[in-house]
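Please read the structure below before turning to the comments.
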Amino acid sequence: MKRFLLIPLLLASAAPALAHQGPPFPILVDQRVGPYVASVWTDPDIGTGTFFVVLEPPEGKKLPGGTQVRIAVEPLDKHVKETLYKAEPQPVRYGERHFAETKFDRGGMWRARILIEGPEGGGELKAEVEPTPDGTIGPISLVLYALPFLAVGFLWLKAVLHRKEKGRRESLPSGPV
């Protein structure tokens, strides 16, 4: 019985630990770039990664219109050349947000350059990101994620059957008839 529970635990703890799953996370926060204050959020999954660039005006100023944002990614080992992606503006209540999807063909460290250009100037931000598997490994992941629930269900069923058997034994007459 103990071996049965140990195997799923070992399998479940090995696979998902390698992947980042969840919402984007900040890699640069409140960086001054030309007339902007920029923050960059990313979810660098192997295959398709996402970048969000949030632009705000410095205190007491307005954000200039016509801003262009591009994201350039290149692996540090240079197995492919730098690729440039245009970030599309998204509607927000305050400031600006630009979104881009990038391609990461494999893991390892990648250099990300965020290029911001506008009528009143701009600049460049740099960061390094590490693409990870997105955590969806097909039907195997479904089985791995279901194992804890199946184990609890198995233990519950075993306890119910044990109580039933115990109740049946207690209801039988004891001694000779």
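Just so we're on the same page: first chain in the structure tokens is A, next is B, and so on; residues restart at 1 for each chain, and ligands are numbered from 1 in the order they show up.
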
Just the alpha helix (DSSP H) stuff from chain A, please, per backbone DSSP, written as JSON, numbers by chain. {"A": [2, 3, 4, 5, 6, 7, 8, 9, 10, 11, 12, 13, 14, 139, 140, 141, 142, 143, 144, 145, 146, 147, 148, 149, 150, 151, 152, 153, 154, 155, 156, 157, 158, 159, 160, 161, 162, 163, 164, 165, 166, 167, 168, 169, 170, 171]}

Name the residues in contact with Glu56 (chain A) at a cut-off of 12 Å, using only C-alpha atoms, excluding same-chain residues fewer than 5 positions from it; report them as a ChimeraX atom specification. /A:29-40,61-65,67,92-98

Expected file contents, prior selection, N, CA, C and O atoms, as a CSV table (one decimal), in the first residue's frame:
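Wrote part24.csv, looks like this:
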chain,number,residue,atom,x,y,z
A,29,VAL,N,10.7,47.2,-13.6
A,29,VAL,CA,9.7,48.0,-13.0
A,29,VAL,C,10.1,49.4,-12.8
A,29,VAL,O,11.1,49.7,-12.3
A,30,ASP,N,9.2,50.3,-13.3
A,30,ASP,CA,9.3,51.7,-13.1
A,30,ASP,C,10.7,52.3,-13.6
A,30,ASP,O,11.4,53.0,-12.9
A,31,GLN,N,11.1,51.9,-14.8
A,31,GLN,CA,12.3,52.3,-15.4
A,31,GLN,C,12.1,53.6,-16.3
A,31,GLN,O,11.2,53.6,-17.1
A,32,ARG,N,12.9,54.6,-16.1
A,32,ARG,CA,12.8,55.8,-16.9
A,32,ARG,C,13.4,55.6,-18.2
A,32,ARG,O,14.6,55.2,-18.3
A,33,VAL,N,12.6,55.8,-19.3
A,33,VAL,CA,13.1,55.7,-20.7
A,33,VAL,C,12.6,56.9,-21.5
A,33,VAL,O,11.4,56.9,-21.8
A,34,GLY,N,13.4,57.9,-21.8
A,34,GLY,CA,12.9,59.1,-22.5
A,34,GLY,C,11.8,59.7,-21.7
A,34,GLY,O,12.0,59.9,-20.4
A,35,PRO,N,10.7,60.1,-22.3
A,35,PRO,CA,9.6,60.7,-21.6
A,35,PRO,C,8.7,59.7,-20.9
A,35,PRO,O,7.5,60.1,-20.6
A,36,TYR,N,9.1,58.5,-20.7
A,36,TYR,CA,8.2,57.4,-20.2
A,36,TYR,C,8.8,56.8,-18.9
A,36,TYR,O,10.0,56.9,-18.7
A,37,VAL,N,7.9,56.3,-18.1
A,37,VAL,CA,8.2,55.4,-17.0
A,37,VAL,C,7.7,54.0,-17.5
A,37,VAL,O,6.5,53.9,-17.7
A,38,ALA,N,8.5,53.1,-17.6
A,38,ALA,CA,8.2,51.8,-18.2
A,38,ALA,C,8.3,50.6,-17.2
A,38,ALA,O,9.3,50.6,-16.4
A,39,SER,N,7.4,49.7,-17.3
A,39,SER,CA,7.5,48.4,-16.6
A,39,SER,C,7.2,47.3,-17.7
A,39,SER,O,6.4,47.4,-18.5
A,40,VAL,N,8.0,46.2,-17.5
A,40,VAL,CA,7.9,45.1,-18.5
A,40,VAL,C,7.6,43.8,-17.7
A,40,VAL,O,8.2,43.5,-16.8
A,61,LYS,N,3.2,65.1,-15.9
A,61,LYS,CA,3.3,65.2,-17.4
A,61,LYS,C,2.3,64.3,-18.0
A,61,LYS,O,1.7,63.5,-17.4
A,62,LYS,N,2.1,64.6,-19.4
A,62,LYS,CA,1.2,63.7,-20.1
A,62,LYS,C,2.0,62.8,-21.0
A,62,LYS,O,3.1,63.1,-21.4
A,63,LEU,N,1.4,61.7,-21.3
A,63,LEU,CA,2.1,60.7,-22.2
A,63,LEU,C,2.0,61.1,-23.6
A,63,LEU,O,0.9,61.4,-24.1
A,64,PRO,N,3.1,61.2,-24.4
A,64,PRO,CA,3.0,61.6,-25.8
A,64,PRO,C,2.4,60.5,-26.6
A,64,PRO,O,2.5,59.3,-26.4
A,65,GLY,N,1.6,60.9,-27.6
A,65,GLY,CA,0.9,60.0,-28.5
A,65,GLY,C,1.9,59.4,-29.5
A,65,GLY,O,3.0,59.9,-29.7
A,67,THR,N,3.4,56.4,-29.8
A,67,THR,CA,4.5,55.6,-29.3
A,67,THR,C,4.5,54.2,-29.9
A,67,THR,O,3.5,53.6,-30.1
A,92,VAL,N,-6.3,50.7,-22.3
A,92,VAL,CA,-6.2,50.7,-20.8
A,92,VAL,C,-6.7,52.1,-20.4
A,92,VAL,O,-6.8,53.0,-21.2
A,93,ARG,N,-7.1,52.2,-19.1
A,93,ARG,CA,-7.7,53.4,-18.6
A,93,ARG,C,-6.6,54.5,-18.4
A,93,ARG,O,-6.9,55.7,-18.6
A,94,TYR,N,-5.4,54.1,-18.0
A,94,TYR,CA,-4.4,55.1,-17.7
A,94,TYR,C,-3.1,54.7,-18.3
A,94,TYR,O,-2.7,53.5,-18.3
A,95,GLY,N,-2.3,55.6,-18.9
A,95,GLY,CA,-1.1,55.2,-19.6
A,95,GLY,C,-1.3,54.4,-20.8
A,95,GLY,O,-2.3,54.5,-21.5
A,96,GLU,N,-0.3,53.6,-21.2
A,96,GLU,CA,-0.4,52.7,-22.3
A,96,GLU,C,0.1,51.3,-22.0
A,96,GLU,O,1.0,51.2,-21.1
A,97,ARG,N,-0.5,50.3,-22.7
A,97,ARG,CA,0.1,49.0,-22.5
A,97,ARG,C,0.2,48.4,-23.9
A,97,ARG,O,-0.7,48.5,-24.8
A,98,HIS,N,1.4,47.8,-24.2
A,98,HIS,CA,1.7,47.2,-25.5
A,98,HIS,C,2.0,45.7,-25.2
A,98,HIS,O,2.6,45.3,-24.3

List the neighbours of Gly47 (chain A) out to 7 Å using only C-alpha atoms; skip same-chain residues closer than 6 positions along the sequence, and give me the result as JSON, numbers by chain. {"A": [103, 104, 105]}

Any idea what's packed within 10 Å of Ile114 (chain A), counting only C-alpha atoms, ignoring anything in its chain fewer than 5 positions away? Could you give it as an MDAnalysis selection string? chainID A and resid 38 40 51 53 69:73 84:85 87 123:127

Taking only chain A into account, list the residues labelled strand (DSSP E or B) by DSSP (computed from the backbone), as number ranges by chain. A: 25-33, 36-43, 45, 47-56, 68-75, 83-90, 96-104, 110-118, 121-129, 132

Extract, using only C-alpha atoms, all DNA, RNA and protein residues at most 7 Å from Thr102 (chain A), discarding same-chain residues fewer than 5 positions from it, and format them as a list in words. Thr48, Gly49, Thr50 and Tyr85 of chain A

Using N, CA, C and O atoms, can you export the residues from the last selection as a PDB file, in the first residue's frame?
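Contents of the output file selection.pdb:
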ATOM      1  N   THR A  48       5.788  29.921 -27.562  1.00  0.00           N
ATOM      2  CA  THR A  48       5.333  31.309 -27.637  1.00  0.00           C
ATOM      3  C   THR A  48       5.429  31.960 -26.266  1.00  0.00           C
ATOM      4  O   THR A  48       4.819  31.493 -25.304  1.00  0.00           O
ATOM      5  N   GLY A  49       6.197  33.028 -26.196  1.00  0.00           N
ATOM      6  CA  GLY A  49       6.309  33.817 -24.972  1.00  0.00           C
ATOM      7  C   GLY A  49       5.533  35.111 -25.138  1.00  0.00           C
ATOM      8  O   GLY A  49       5.239  35.533 -26.264  1.00  0.00           O
ATOM      9  N   THR A  50       5.160  35.730 -24.042  1.00  0.00           N
ATOM     10  CA  THR A  50       4.417  36.986 -24.105  1.00  0.00           C
ATOM     11  C   THR A  50       5.151  38.075 -23.337  1.00  0.00           C
ATOM     12  O   THR A  50       5.804  37.809 -22.321  1.00  0.00           O
ATOM     13  N   TYR A  85      10.063  41.898 -32.761  1.00  0.00           N
ATOM     14  CA  TYR A  85       8.604  41.764 -32.788  1.00  0.00           C
ATOM     15  C   TYR A  85       7.968  43.111 -32.452  1.00  0.00           C
ATOM     16  O   TYR A  85       8.404  43.778 -31.505  1.00  0.00           O
TER      17      TYR A  85
END

Separation of CA of Arg169 (chain A) from CA of Val152 (chain A) in Å: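 Straight-line distance from CA of Val152 (chain A) to CA of Arg169 (chain A) works out to 25.9 Å.
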